[in-house]
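Step one of this worksheet: look at the structure below.
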Amino acid sequence: MIEWFSNIPHVFQALIATLFTWSITALGASLVFLTKKINKTFMDGMLGFAAGVMIAASFWSLIMPGIVMASSLKLNSLLIATAGFISGGLFLFISDNIYKGYDNNKVEDGFRRSMMLIVSITLHNIPEGMAVGVAFGSLAYGLEGATLASAITLAIGIGLQNFPEGSAVSFPLRREGYSRFKSFMYGQLSGLVEPIAGVIGALLVLKIRYLLPLLLCFAAGCMIYVVIEELVPESQTNEKKDLMALFTIIGFEVMMIMDIALG
C-alpha cells in the first residue's frame with residue numbers, strides 16, 4: 001500500500017491525503033446524530049466549545065505556522081501576520097454588515113450567525129488543504145525538508161485536528177434549529193474545500209508557497225471575529241455562564257493538545 005502510494009503522481013497523493021482530512025471533518029460532524037433532542041445548556045456548551053476550538057486553531061494551526069513559513073521564505077513575518085489577520089477580520093466585518101443590511105434588516109440572526117460560522121471554518125480549511133498539497137507537490141522538486149513521511153504526517157495531523165472542527169460547525173447549526181442531517185451536511189461541507197485546495201496547492205507548489213502565510217493569517221482573523229462577535233456572546237446567554245466559559249476553555253485545550261501533539 002505504501003509502495004503504491006509513493007509511486008503515484010504527487011497531485012494524486014495530495015488528493016488522497018486531503019480526502020482523508022475531509023473524511024475526518026465529516027466524522028466529527030456526524031456526532032450531531034447522537035443527540036436525540038435539543039438541550040439548550042448542551043447546545044450552548046457546544047457553542048462555547050466551538051469558540052475554544054476556533055481560538056486555539058487560530059493561533060496554533062494558522063498564525064504560528066504562518067509566521068514560521070513567512071520567515072522560512074524570507075518574508076516579513078510581522079507584516080504578513082498583521083496584514084493577513086486584520087484583512088480576515090475586516091472581511092467578515094464587511095460580510096456581517098452586508099447580511100445585516102440585506103432585505104431591510106430582515107435576515108434572521110440565526111441564519112447570519114450560521115453562515116458566518118460556516119464561512120469562517122471553510123476559510124480556515126482552505127489554507128490547511130493548500131498546506132497539504134504543497135507538502136506533497138514539493139516532493140517533485142526536491143525542496144529542503146520535503147519527504148513523503150513529513151507530508152503524510154502533516155496530512156494525518158491536520159485530519160485529526162479537523163475532527164473537533166466538524167463538530168464545531170454541526171452542533172451550533174443544530175442549536176439554531178437545523179435538522180441533524182442538514183447540520184451534518186454543512187459540517188462536512190466545510191471540510192470539502194480541502195481536497196480542492198490540496199490539488200491546487202500541489203499544482204502551484206512553487207508559487208502558492210508565498211501566498212500560504214498570508215492565507216493562514218487571513219483565516220485566523222476570520223475565525224477570531226466570529227468567536228468574539230457571535231459564539232462567545234451567544235453562549236453566554238445561558239444562565240450557567242460559568243459553565244459555558246468552562247466549555248470554551250475545554251475546547252481550547254482539546255485543540256491545543258491536538259495541535260502540539262500532532263505538530
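Please note that chains go A, B, ... in the order of the C-alpha cells, that every chain numbers its residues from 1, and that ligands are numbered from 1 in the order shown.
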Would you kindly return, as number ranges by chain, each protein, DNA or RNA residue with an atom no farther than 9 Å from any atom of Leu204 of chain A, considering only C-alpha atoms and excluding same-chain residues fewer than 6 positions away?
-> A: 133-134, 137
Hey, what's within 6 Å of segment 191-201 of chain A if we count only C-alpha atoms and toss same-chain stuff fewer than 3 positions away? As a list in words, please?
-> Val11, Ala14, Leu15, Thr18, Leu19, Trp22, Thr25, Asn125, Ile126, Gly129, Met130, Val132, Gly133, Val134, Gln188, Leu204 and Val205 of chain A
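For the choices A:Leu154, A:Trp60, A:Leu215, A:Asn162, the atom-to-atom distance to Ile24 of chain A is smallest for A:Asn162 when using only C-alpha atoms.
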Using only C-alpha atoms, the best pick from A:Gly48, A:Pro233, A:Gly221, A:Gly251 as closest to Phe91 of chain A would be A:Gly221
Among segment 7-191 of chain A, which ones does DSSP place in helix (DSSP H, G or I), written as a ChimeraX atom specification?
-> /A:7,10-34,40-72,77-101,109-140,148-175,180-189
Name all residues at most 7 Å from Phe85 of chain A (count only C-alpha atoms; drop same-chain ones fewer than 3 positions away) and give them as a PyMOL selection string.
-> chain A and resi 81-82+88-89+217-218+220-221
Can you work out which one of A:Tyr210, A:Phe184, A:Phe59, A:Tyr178 has the shortest atom-to-atom distance to Met256 of chain A, counting only C-alpha atoms?
-> A:Phe59
Each residue of segment 145-249 of chain A lying at most 12 Å from segment 62-73 of chain A should get a row with its shortest atom-to-atom pair and the distance in Å to one decimal, counting only C-alpha atoms; could you produce that, ordered by chain and increasing number, as a Markdown table?
```
| residue | atom | partner | partner_atom | distance |
| --- | --- | --- | --- | --- |
| A:Gly145 | CA | A:Ser72 | CA | 11.6 |
| A:Ile158 | CA | A:Leu62 | CA | 11.3 |
| A:Leu206 | CA | A:Leu73 | CA | 11.1 |
| A:Lys207 | CA | A:Leu73 | CA | 11.5 |
| A:Ile208 | CA | A:Leu73 | CA | 11.6 |
| A:Arg209 | CA | A:Leu73 | CA | 8.2 |
| A:Tyr210 | CA | A:Leu73 | CA | 7.1 |
| A:Leu211 | CA | A:Ala70 | CA | 9.2 |
| A:Leu212 | CA | A:Gly66 | CA | 7.1 |
| A:Pro213 | CA | A:Gly66 | CA | 4.1 |
| A:Leu214 | CA | A:Gly66 | CA | 6.9 |
| A:Leu215 | CA | A:Gly66 | CA | 8.1 |
| A:Leu216 | CA | A:Leu62 | CA | 4.8 |
| A:Cys217 | CA | A:Ile63 | CA | 5.2 |
| A:Phe218 | CA | A:Leu62 | CA | 8.6 |
| A:Ala219 | CA | A:Leu62 | CA | 7.2 |
| A:Ala220 | CA | A:Leu62 | CA | 5.9 |
| A:Gly221 | CA | A:Ile63 | CA | 9.1 |
| A:Cys222 | CA | A:Leu62 | CA | 11.1 |
| A:Met223 | CA | A:Leu62 | CA | 10.1 |
| A:Ile224 | CA | A:Ile63 | CA | 11.3 |
```
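With distances restricted to only C-alpha atoms, A:Pro172 is the closest residue to Gly45 of chain A from A:Gly159, A:Pro172, A:Gly177, A:Pro164.
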Between A:Ser167, A:Thr21, A:Tyr225, A:Phe136, smallest distance to Arg180 of chain A by only C-alpha atoms belongs to A:Ser167
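Straight-line separation from atom CA of Ala135 of chain A to atom CA of Phe5 of chain A: 14.7 Å.
Checking A:Met185, A:Met255, A:Leu117, A:Leu90 one by one against Ala57 of chain A, counting only C-alpha atoms, you find the shortest gap at A:Met255.
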Within 7 Å of Ser170 of chain A, counting only C-alpha atoms, which residues show up once you throw out same-chain ones fewer than 4 positions away? Write them as a VMD selection string, please.
-> chain A and resid 29 32 166 174 183 to 184 186 to 187
